[in-house]
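Containing mmCIF, C-alpha atoms: final_26.cif.
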data_query
#
loop_
_atom_site.label_atom_id
_atom_site.label_comp_id
_atom_site.auth_asym_id
_atom_site.auth_seq_id
_atom_site.Cartn_x
_atom_site.Cartn_y
_atom_site.Cartn_z
CA MET A 1221 -6.64 35.63 -44.69
CA ARG A 1222 -6.05 36.07 -40.98
CA VAL A 1223 -4.90 33.14 -38.86
CA SER A 1224 -6.47 33.04 -35.43
CA ARG A 1225 -4.58 32.28 -32.25
CA ARG A 1226 -6.83 29.22 -31.74
CA GLU A 1227 -5.73 27.83 -35.10
CA VAL A 1228 -2.11 28.28 -34.15
CA LEU A 1229 -2.57 26.41 -30.92
CA ARG A 1230 -4.77 23.72 -32.44
CA PHE A 1231 -2.66 22.84 -35.47
CA GLY A 1232 0.80 23.96 -34.53
CA LEU A 1233 1.57 24.42 -30.88
CA GLY A 1234 -1.43 22.74 -29.29
CA ALA A 1235 -0.09 19.22 -29.51
CA ALA A 1236 3.35 20.27 -28.38
CA ALA A 1237 2.07 22.41 -25.54
CA ALA A 1238 0.22 19.93 -23.39
CA GLY A 1239 1.72 19.60 -19.96
CA LEU A 1240 4.72 21.80 -20.66
CA LEU A 1241 5.96 25.17 -19.50
CA GLY A 1242 7.44 28.21 -21.19
CA GLY A 1243 4.68 29.94 -23.02
CA CYS A 1244 3.00 31.22 -26.06
CA ALA A 1245 1.14 34.49 -25.94
CA LEU A 1246 -0.16 37.24 -28.18
CA ASP A 1247 0.55 40.92 -27.92
CA THR A 1248 -2.37 43.32 -27.73
CA THR A 1249 -1.31 45.66 -30.49
CA GLY A 1250 -2.85 43.94 -33.48
CA ALA A 1251 -5.34 41.40 -34.72
CA PRO A 1252 -5.06 37.73 -33.69
CA GLY A 1253 -2.82 37.01 -36.66
CA SER A 1254 -0.39 38.94 -38.79
CA GLN A 1255 -1.88 41.77 -40.79
CA GLY A 1256 -2.10 41.84 -44.55
CA SER A 1257 -0.79 38.34 -45.26
CA ASP A 1258 -1.87 34.72 -45.47
CA GLY A 1259 0.65 33.65 -42.84
CA LEU A 1260 1.53 34.31 -39.27
CA VAL A 1261 4.68 35.65 -37.63
CA PHE A 1262 5.78 33.59 -34.63
CA TYR A 1263 8.48 35.48 -32.72
CA SER A 1264 10.38 33.55 -30.05
CA THR A 1265 13.29 34.08 -27.69
CA GLN A 1266 13.41 30.31 -27.24
CA LEU A 1267 14.58 27.55 -29.60
CA ALA A 1268 16.87 30.09 -31.20
CA THR A 1269 19.78 27.91 -32.27
CA THR A 1270 19.87 26.86 -35.91
CA GLU A 1271 19.09 23.23 -35.11
CA GLU A 1272 16.23 24.09 -32.76
CA ALA A 1273 14.68 26.63 -35.10
CA GLU A 1274 14.72 24.13 -37.96
CA ALA A 1275 13.08 21.55 -35.71
CA VAL A 1276 10.29 24.01 -34.95
CA ARG A 1277 9.68 24.66 -38.64
CA ARG A 1278 9.92 21.04 -39.78
CA GLN A 1279 8.32 19.23 -36.85
CA ILE A 1280 6.29 21.37 -34.43
CA LEU A 1281 4.71 23.48 -37.17
CA ALA A 1282 4.60 20.72 -39.79
CA GLY A 1283 0.84 20.17 -39.49
CA PHE A 1284 -0.17 23.80 -39.56
CA PRO A 1285 -2.31 24.57 -42.66
CA ARG A 1286 -1.01 28.12 -43.16
CA GLU A 1287 2.41 29.60 -43.69
CA VAL A 1288 4.21 30.44 -40.46
CA GLN A 1289 7.28 32.66 -40.34
CA PHE A 1290 9.21 31.50 -37.28
CA VAL A 1291 11.54 34.28 -36.13
CA SER A 1292 13.88 33.28 -33.31
CA ASP A 1293 16.16 35.65 -31.44
CA SER A 1294 17.51 34.76 -28.01
CA SER A 1295 17.72 38.42 -26.98
CA ALA A 1296 14.81 39.35 -24.72
CA THR A 1297 15.80 43.00 -25.08
CA THR A 1298 15.30 42.84 -28.84
CA MET A 1299 11.87 41.28 -28.34
CA PHE A 1300 10.87 43.91 -25.79
CA ASP A 1301 11.97 46.72 -28.11
CA ARG A 1302 10.04 45.26 -31.05
CA VAL A 1303 6.81 44.67 -29.13
CA ARG A 1304 6.95 48.10 -27.50
CA ALA A 1305 7.62 49.79 -30.83
CA ASP A 1306 4.65 47.98 -32.37
CA ALA A 1307 2.48 49.05 -29.46
CA ARG A 1308 3.44 52.68 -29.97
CA ALA A 1309 2.73 52.34 -33.70
CA GLY A 1310 -0.70 50.86 -33.01
CA SER A 1311 -0.21 47.74 -35.18
CA SER A 1312 1.97 44.67 -35.29
CA SER A 1313 2.97 41.93 -37.68
CA ILE A 1314 3.62 39.57 -34.76
CA GLY A 1315 0.77 37.17 -34.10
CA LEU A 1316 2.41 34.89 -31.55
CA LEU A 1317 5.16 35.22 -28.97
CA GLY A 1318 7.25 32.47 -27.40
CA ALA A 1319 9.31 33.48 -24.38
CA LEU A 1320 10.20 32.79 -20.76
CA HIS A 1321 7.78 33.33 -17.90
CA GLY A 1322 9.81 36.26 -16.61
CA GLU A 1323 9.79 37.89 -20.03
CA PHE A 1324 6.02 37.53 -20.27
CA ALA A 1325 5.68 38.98 -16.78
CA THR A 1326 7.45 42.11 -17.98
CA LEU A 1327 5.18 42.48 -21.03
CA ALA A 1328 2.07 41.73 -18.99
CA LYS A 1329 2.92 44.42 -16.46
CA GLU A 1330 3.10 46.90 -19.35
CA GLY A 1331 -0.29 45.76 -20.69
CA LEU A 1332 1.17 44.30 -23.89
CA LEU A 1333 -0.30 40.78 -23.73
CA ARG A 1334 -3.78 39.57 -24.58
CA ASP A 1335 -5.92 37.86 -21.96
CA MET A 1336 -5.47 34.19 -22.90
CA THR A 1337 -8.06 32.83 -20.46
CA ASP A 1338 -10.48 31.81 -23.23
CA VAL A 1339 -7.73 29.90 -25.03
CA VAL A 1340 -6.65 28.08 -21.86
CA GLU A 1341 -10.26 27.13 -21.17
CA GLN A 1342 -10.82 25.94 -24.75
CA PHE A 1343 -7.84 23.63 -24.54
CA GLY A 1344 -8.47 22.50 -20.99
CA ASP A 1345 -8.48 18.87 -22.10
CA ARG A 1346 -4.82 19.03 -23.18
CA GLY A 1347 -3.62 18.00 -19.74
CA PHE A 1348 -1.80 21.16 -18.69
CA THR A 1349 -0.02 20.77 -15.36
CA ARG A 1350 -1.90 22.79 -12.76
CA GLN A 1351 1.27 24.37 -11.35
CA TYR A 1352 2.21 25.59 -14.83
CA LEU A 1353 -1.21 27.11 -15.33
CA ASP A 1354 -0.88 28.85 -11.97
CA LEU A 1355 2.39 30.39 -13.18
CA ALA A 1356 0.63 31.56 -16.33
CA ARG A 1357 -1.82 33.65 -14.30
CA ILE A 1358 -0.65 37.22 -13.89
CA ASP A 1359 -2.88 39.76 -12.11
CA GLY A 1360 -5.77 37.33 -12.08
CA ARG A 1361 -5.80 36.34 -15.75
CA TYR A 1362 -3.90 33.99 -18.00
CA ALA A 1363 -1.18 36.01 -19.68
CA PHE A 1364 0.15 33.07 -21.68
CA VAL A 1365 -0.42 29.40 -22.47
CA PRO A 1366 2.15 26.89 -21.12
CA TRP A 1367 4.42 25.79 -23.95
CA ILE A 1368 7.83 24.27 -23.22
CA SER A 1369 10.04 23.64 -20.22
CA ALA A 1370 13.77 23.55 -19.61
CA SER A 1371 13.79 21.25 -16.62
CA TYR A 1372 16.65 20.57 -14.26
CA ILE A 1373 17.12 17.00 -13.09
CA MET A 1374 18.61 16.66 -9.64
CA ALA A 1375 20.56 13.52 -8.74
CA ALA A 1376 21.68 12.49 -5.26
CA ARG A 1377 23.67 9.56 -3.91
CA ARG A 1378 21.70 7.19 -1.71
CA GLU A 1379 24.11 7.92 1.14
CA ALA A 1380 23.00 11.56 1.07
CA LEU A 1381 19.36 10.73 1.77
CA GLU A 1382 20.04 10.13 5.46
CA PHE A 1383 20.87 13.84 5.80
CA LEU A 1384 17.51 15.07 4.52
CA PRO A 1385 15.84 17.51 6.96
CA ALA A 1386 13.21 15.96 9.19
CA GLY A 1387 9.83 15.84 7.46
CA ALA A 1388 11.25 16.80 4.04
CA ASP A 1389 9.74 15.13 0.97
CA LEU A 1390 12.39 14.48 -1.66
CA GLN A 1391 9.82 15.07 -4.43
CA VAL A 1392 8.75 18.53 -3.20
CA LEU A 1393 11.80 20.06 -1.57
CA THR A 1394 11.68 23.74 -0.73
CA TYR A 1395 14.72 25.95 -1.22
CA SER A 1396 15.11 26.19 2.56
CA GLN A 1397 15.08 22.41 2.90
CA LEU A 1398 17.59 22.04 0.09
CA LEU A 1399 19.89 24.51 1.86
CA ASP A 1400 19.54 22.64 5.16
CA TRP A 1401 20.27 19.38 3.35
CA THR A 1402 23.45 20.66 1.69
CA ARG A 1403 24.64 22.12 4.99
CA ALA A 1404 24.07 18.83 6.80
CA ILE A 1405 26.00 16.93 4.14
CA GLN A 1406 28.87 19.45 4.25
CA GLN A 1407 29.09 19.25 8.03
CA ALA A 1408 29.09 15.45 7.93
CA THR A 1409 31.67 15.10 5.15
CA GLY A 1410 33.82 18.13 5.82
CA SER A 1411 33.46 19.61 2.32
CA PRO A 1412 30.76 21.00 0.00
CA ARG A 1413 28.91 18.27 -1.91
CA PHE A 1414 26.23 20.26 -3.72
CA GLY A 1415 26.95 21.50 -7.23
CA LEU A 1416 25.32 23.23 -10.19
CA PRO A 1417 26.46 23.18 -13.87
CA ALA A 1418 28.61 26.30 -13.73
CA GLY A 1419 31.29 25.33 -16.23
CA GLU A 1420 32.07 27.17 -19.45
CA ASN A 1421 29.33 25.26 -21.28
CA GLY A 1422 27.08 24.76 -18.24
CA LEU A 1423 23.49 25.86 -17.96
CA LEU A 1424 23.64 27.68 -14.64
CA LYS A 1425 22.02 30.63 -16.39
CA ARG A 1426 18.93 28.50 -17.05
CA PHE A 1427 18.67 27.70 -13.36
CA LEU A 1428 18.86 31.39 -12.53
CA GLN A 1429 16.46 32.52 -15.28
CA GLY A 1430 13.94 29.72 -15.06
CA TYR A 1431 13.99 28.70 -11.42
CA ALA A 1432 15.88 30.83 -8.91
CA TYR A 1433 14.83 34.33 -9.99
CA PRO A 1434 11.14 33.49 -10.64
CA SER A 1435 10.89 31.47 -7.41
CA PHE A 1436 12.33 34.20 -5.22
CA THR A 1437 11.18 37.34 -7.04
CA GLY A 1438 8.25 36.40 -9.29
CA GLY A 1439 10.09 37.61 -12.40
CA VAL A 1440 13.48 38.04 -14.04
CA ASN A 1441 14.10 41.29 -15.86
CA THR A 1442 11.90 43.67 -13.87
CA THR A 1443 12.92 42.11 -10.55
CA PHE A 1444 16.60 41.59 -11.32
CA ALA A 1445 17.88 44.13 -8.75
CA SER A 1446 15.14 43.72 -6.16
CA ALA A 1447 15.48 42.93 -2.45
CA GLU A 1448 14.08 39.49 -3.21
CA ALA A 1449 16.87 38.96 -5.74
CA VAL A 1450 19.43 39.80 -3.06
CA ALA A 1451 17.85 37.11 -0.88
CA MET A 1452 18.18 34.65 -3.76
CA TRP A 1453 21.87 35.40 -4.28
CA GLU A 1454 22.47 35.12 -0.53
CA TRP A 1455 20.75 31.72 -0.54
CA LEU A 1456 22.93 30.59 -3.44
CA ALA A 1457 26.07 31.75 -1.62
CA ARG A 1458 25.06 29.87 1.55
CA SER A 1459 24.42 26.69 -0.45
CA GLY A 1460 28.11 26.40 -1.27
CA ALA A 1461 27.31 25.69 -4.93
CA PRO A 1462 29.49 27.04 -7.77
CA ARG A 1463 28.07 30.40 -8.76
CA THR A 1464 28.54 33.49 -10.87
CA ARG A 1465 29.38 36.82 -9.28
CA SER A 1466 26.51 38.43 -7.42
CA PRO A 1467 25.13 41.62 -9.06
#
Go ahead and express the file in the form of structure tokens.
Amino acid sequence: MRVSRREVLRFGLGAAAAGLLGGCALDTTGAPGSQGSDGLVFYSTQLATTEEAEAVRRQILAGFPREVQFVSDSSATTMFDRVRADARAGSSSIGLLGALHGEFATLAKEGLLRDMTDVVEQFGDRGFTRQYLDLARIDGRYAFVPWISASYIMAARREALEFLPAGADLQVLTYSQLLDWTRAIQQATGSPRFGLPAGENGLLKRFLQGYAYPSFTGGVNTTFASAEAVAMWEWLARSGAPRTRSP
């Protein structure tokens, strides 16, 4: 029995997806579900640690009425190779993909994702954030359905608020305004005061993958060495924040 993508979203990911970002999408190489089985293969580059993967199986997919094989591998390269190989073969066992926006952008550019517009419309009452839906549109169609988000929380001392650029709204800062703000604080205090989690166990990579690269370049992997990426690294250097070496 085949499991449709609507069933997956309705019983498994639908409840967990509302209002979140990340994505779930289907490749175009096969039927809506896995071929020749009663279950569905859900391949994800996210939630790949042992604890996270078990939480997906025991909690997120707990109410799904069919068997789901959740395969998690944090390597985007491995996912790309598998999806491309399936496309060349003309069939795929993968029914559902979970990945980052930039990873989906790469697959969408190669024509390897289904048009998910009908699914987004069907679940329009789930309360998806409009900005997340806008990100899910690639070349005029929905390439994926918003799924999860890895959000950064920014904290500032009250004393720093007086250095905000004129007319800046703290809730909707642009990167240019943030840079102006950090510069003003540095000039006033005599030292850099803006920092990112760049320690050995920090998540600076998440900022780069999920925020900086997509914001400046519109992607991650396919735009990694672009002129827009150079502008992003230059912005990061001017901010005075701890950073990795520029490519």
For this session: Mind checking which residues fall within 12 Å of A:Ser1446, counting all atoms listed in the file, ignoring those fewer than 4 positions away in the same chain, and posting them as a PyMOL selection string?
Result: chain A and resi 1433-1434+1436-1442+1450-1453+1467
Problem set entry | Matched chain/residue IDs from the PyMOL selection byres ((chain A and resi 1356) around 10), as an MDAnalysis selection string | chainID A and resid 1241:1243 1321 1324:1325 1336:1337 1340 1350:1355 1357:1366
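The gap separating atom CA of A:Pro1417 from atom CA of A:Glu1323 is 23.1 Å, in Å to one decimal.
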For this session: Take the PyMOL selection byres ((chain A and resi 1332) around 12), apply it to the structure above, and return the hits as an MDAnalysis selection string.
Result: chainID A and resid 1245:1250 1299:1308 1310:1312 1317 1323:1331 1333:1335 1363:1364
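Counting from atom CA of A:Gln1266, the distance to atom CA of A:Ser1294 is 6.1 Å.
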Problem set entry | Pairwise distance for atom CA of A:Val1288 and atom CA of A:Gly1322, rounded to one decimal in Å |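 Atom-to-atom, atom CA of A:Val1288 and atom CA of A:Gly1322 are spaced 25.2 Å apart.
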Could you complete stretch 1353-1386 of chain A so that it carries N, CA and C atoms, and give it back as a short mmCIF file (atom, residue, chain, number, x, y, z; two decimals), in the coordinates of the input?
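Output file part.cif is given in full below:
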data_model
loop_
_atom_site.label_atom_id
_atom_site.label_comp_id
_atom_site.auth_asym_id
_atom_site.auth_seq_id
_atom_site.Cartn_x
_atom_site.Cartn_y
_atom_site.Cartn_z
N LEU A 1353 -0.11 26.18 -15.08
CA LEU A 1353 -1.21 27.11 -15.33
C LEU A 1353 -1.24 28.20 -14.26
N ASP A 1354 -0.92 27.84 -13.03
CA ASP A 1354 -0.88 28.85 -11.97
C ASP A 1354 0.19 29.90 -12.28
N LEU A 1355 1.33 29.45 -12.82
CA LEU A 1355 2.39 30.39 -13.18
C LEU A 1355 1.96 31.30 -14.33
N ALA A 1356 1.07 30.78 -15.17
CA ALA A 1356 0.63 31.56 -16.33
C ALA A 1356 -0.36 32.65 -15.97
N ARG A 1357 -0.88 32.62 -14.75
CA ARG A 1357 -1.82 33.65 -14.30
C ARG A 1357 -1.05 34.84 -13.75
N ILE A 1358 -1.28 35.98 -14.33
CA ILE A 1358 -0.65 37.22 -13.89
C ILE A 1358 -1.75 38.25 -13.68
N ASP A 1359 -1.83 38.79 -12.46
CA ASP A 1359 -2.88 39.76 -12.11
C ASP A 1359 -4.27 39.20 -12.37
N GLY A 1360 -4.45 37.92 -12.03
CA GLY A 1360 -5.77 37.33 -12.08
C GLY A 1360 -6.23 36.81 -13.42
N ARG A 1361 -5.40 36.86 -14.44
CA ARG A 1361 -5.80 36.34 -15.75
C ARG A 1361 -4.63 35.57 -16.35
N TYR A 1362 -4.95 34.74 -17.33
CA TYR A 1362 -3.90 33.99 -18.00
C TYR A 1362 -3.22 34.89 -19.03
N ALA A 1363 -1.94 35.15 -18.78
CA ALA A 1363 -1.18 36.01 -19.68
C ALA A 1363 -0.55 35.21 -20.82
N PHE A 1364 -0.40 33.91 -20.62
CA PHE A 1364 0.15 33.07 -21.68
C PHE A 1364 -0.34 31.64 -21.50
N VAL A 1365 -0.07 30.82 -22.50
CA VAL A 1365 -0.42 29.40 -22.47
C VAL A 1365 0.87 28.62 -22.28
N PRO A 1366 0.93 27.69 -21.32
CA PRO A 1366 2.15 26.89 -21.12
C PRO A 1366 2.59 26.23 -22.42
N TRP A 1367 3.91 26.24 -22.65
CA TRP A 1367 4.42 25.79 -23.95
C TRP A 1367 5.53 24.77 -23.79
N ILE A 1368 6.71 25.19 -23.35
CA ILE A 1368 7.83 24.27 -23.22
C ILE A 1368 8.51 24.47 -21.87
N SER A 1369 9.32 23.52 -21.48
CA SER A 1369 10.04 23.64 -20.22
C SER A 1369 11.50 23.26 -20.40
N ALA A 1370 12.36 23.92 -19.67
CA ALA A 1370 13.77 23.55 -19.61
C ALA A 1370 14.00 23.06 -18.19
N SER A 1371 13.81 21.79 -17.98
CA SER A 1371 13.79 21.25 -16.62
C SER A 1371 15.19 20.83 -16.17
N TYR A 1372 15.45 21.09 -14.89
CA TYR A 1372 16.65 20.57 -14.26
C TYR A 1372 16.33 19.22 -13.64
N ILE A 1373 17.24 18.30 -13.74
CA ILE A 1373 17.12 17.00 -13.09
C ILE A 1373 18.17 16.94 -11.98
N MET A 1374 17.70 16.70 -10.78
CA MET A 1374 18.61 16.66 -9.64
C MET A 1374 18.89 15.20 -9.28
N ALA A 1375 20.16 14.87 -9.11
CA ALA A 1375 20.56 13.52 -8.74
C ALA A 1375 21.29 13.56 -7.41
N ALA A 1376 21.03 12.57 -6.57
CA ALA A 1376 21.68 12.49 -5.26
C ALA A 1376 22.11 11.05 -4.98
N ARG A 1377 23.23 10.89 -4.33
CA ARG A 1377 23.67 9.56 -3.91
C ARG A 1377 22.75 9.06 -2.80
N ARG A 1378 22.56 7.77 -2.75
CA ARG A 1378 21.70 7.19 -1.71
C ARG A 1378 22.21 7.54 -0.31
N GLU A 1379 23.54 7.61 -0.17
CA GLU A 1379 24.11 7.92 1.14
C GLU A 1379 23.71 9.32 1.62
N ALA A 1380 23.36 10.20 0.68
CA ALA A 1380 23.00 11.56 1.07
C ALA A 1380 21.59 11.66 1.63
N LEU A 1381 20.76 10.66 1.35
CA LEU A 1381 19.36 10.73 1.77
C LEU A 1381 19.20 10.75 3.28
N GLU A 1382 20.15 10.16 4.00
CA GLU A 1382 20.04 10.13 5.46
C GLU A 1382 20.19 11.52 6.07
N PHE A 1383 20.68 12.48 5.29
CA PHE A 1383 20.87 13.84 5.80
C PHE A 1383 19.72 14.78 5.45
N LEU A 1384 18.68 14.24 4.83
CA LEU A 1384 17.51 15.07 4.52
C LEU A 1384 16.93 15.66 5.80
N PRO A 1385 16.47 16.91 5.77
CA PRO A 1385 15.84 17.51 6.96
C PRO A 1385 14.62 16.71 7.39
N ALA A 1386 14.36 16.69 8.66
CA ALA A 1386 13.21 15.96 9.19
C ALA A 1386 11.92 16.45 8.54
#
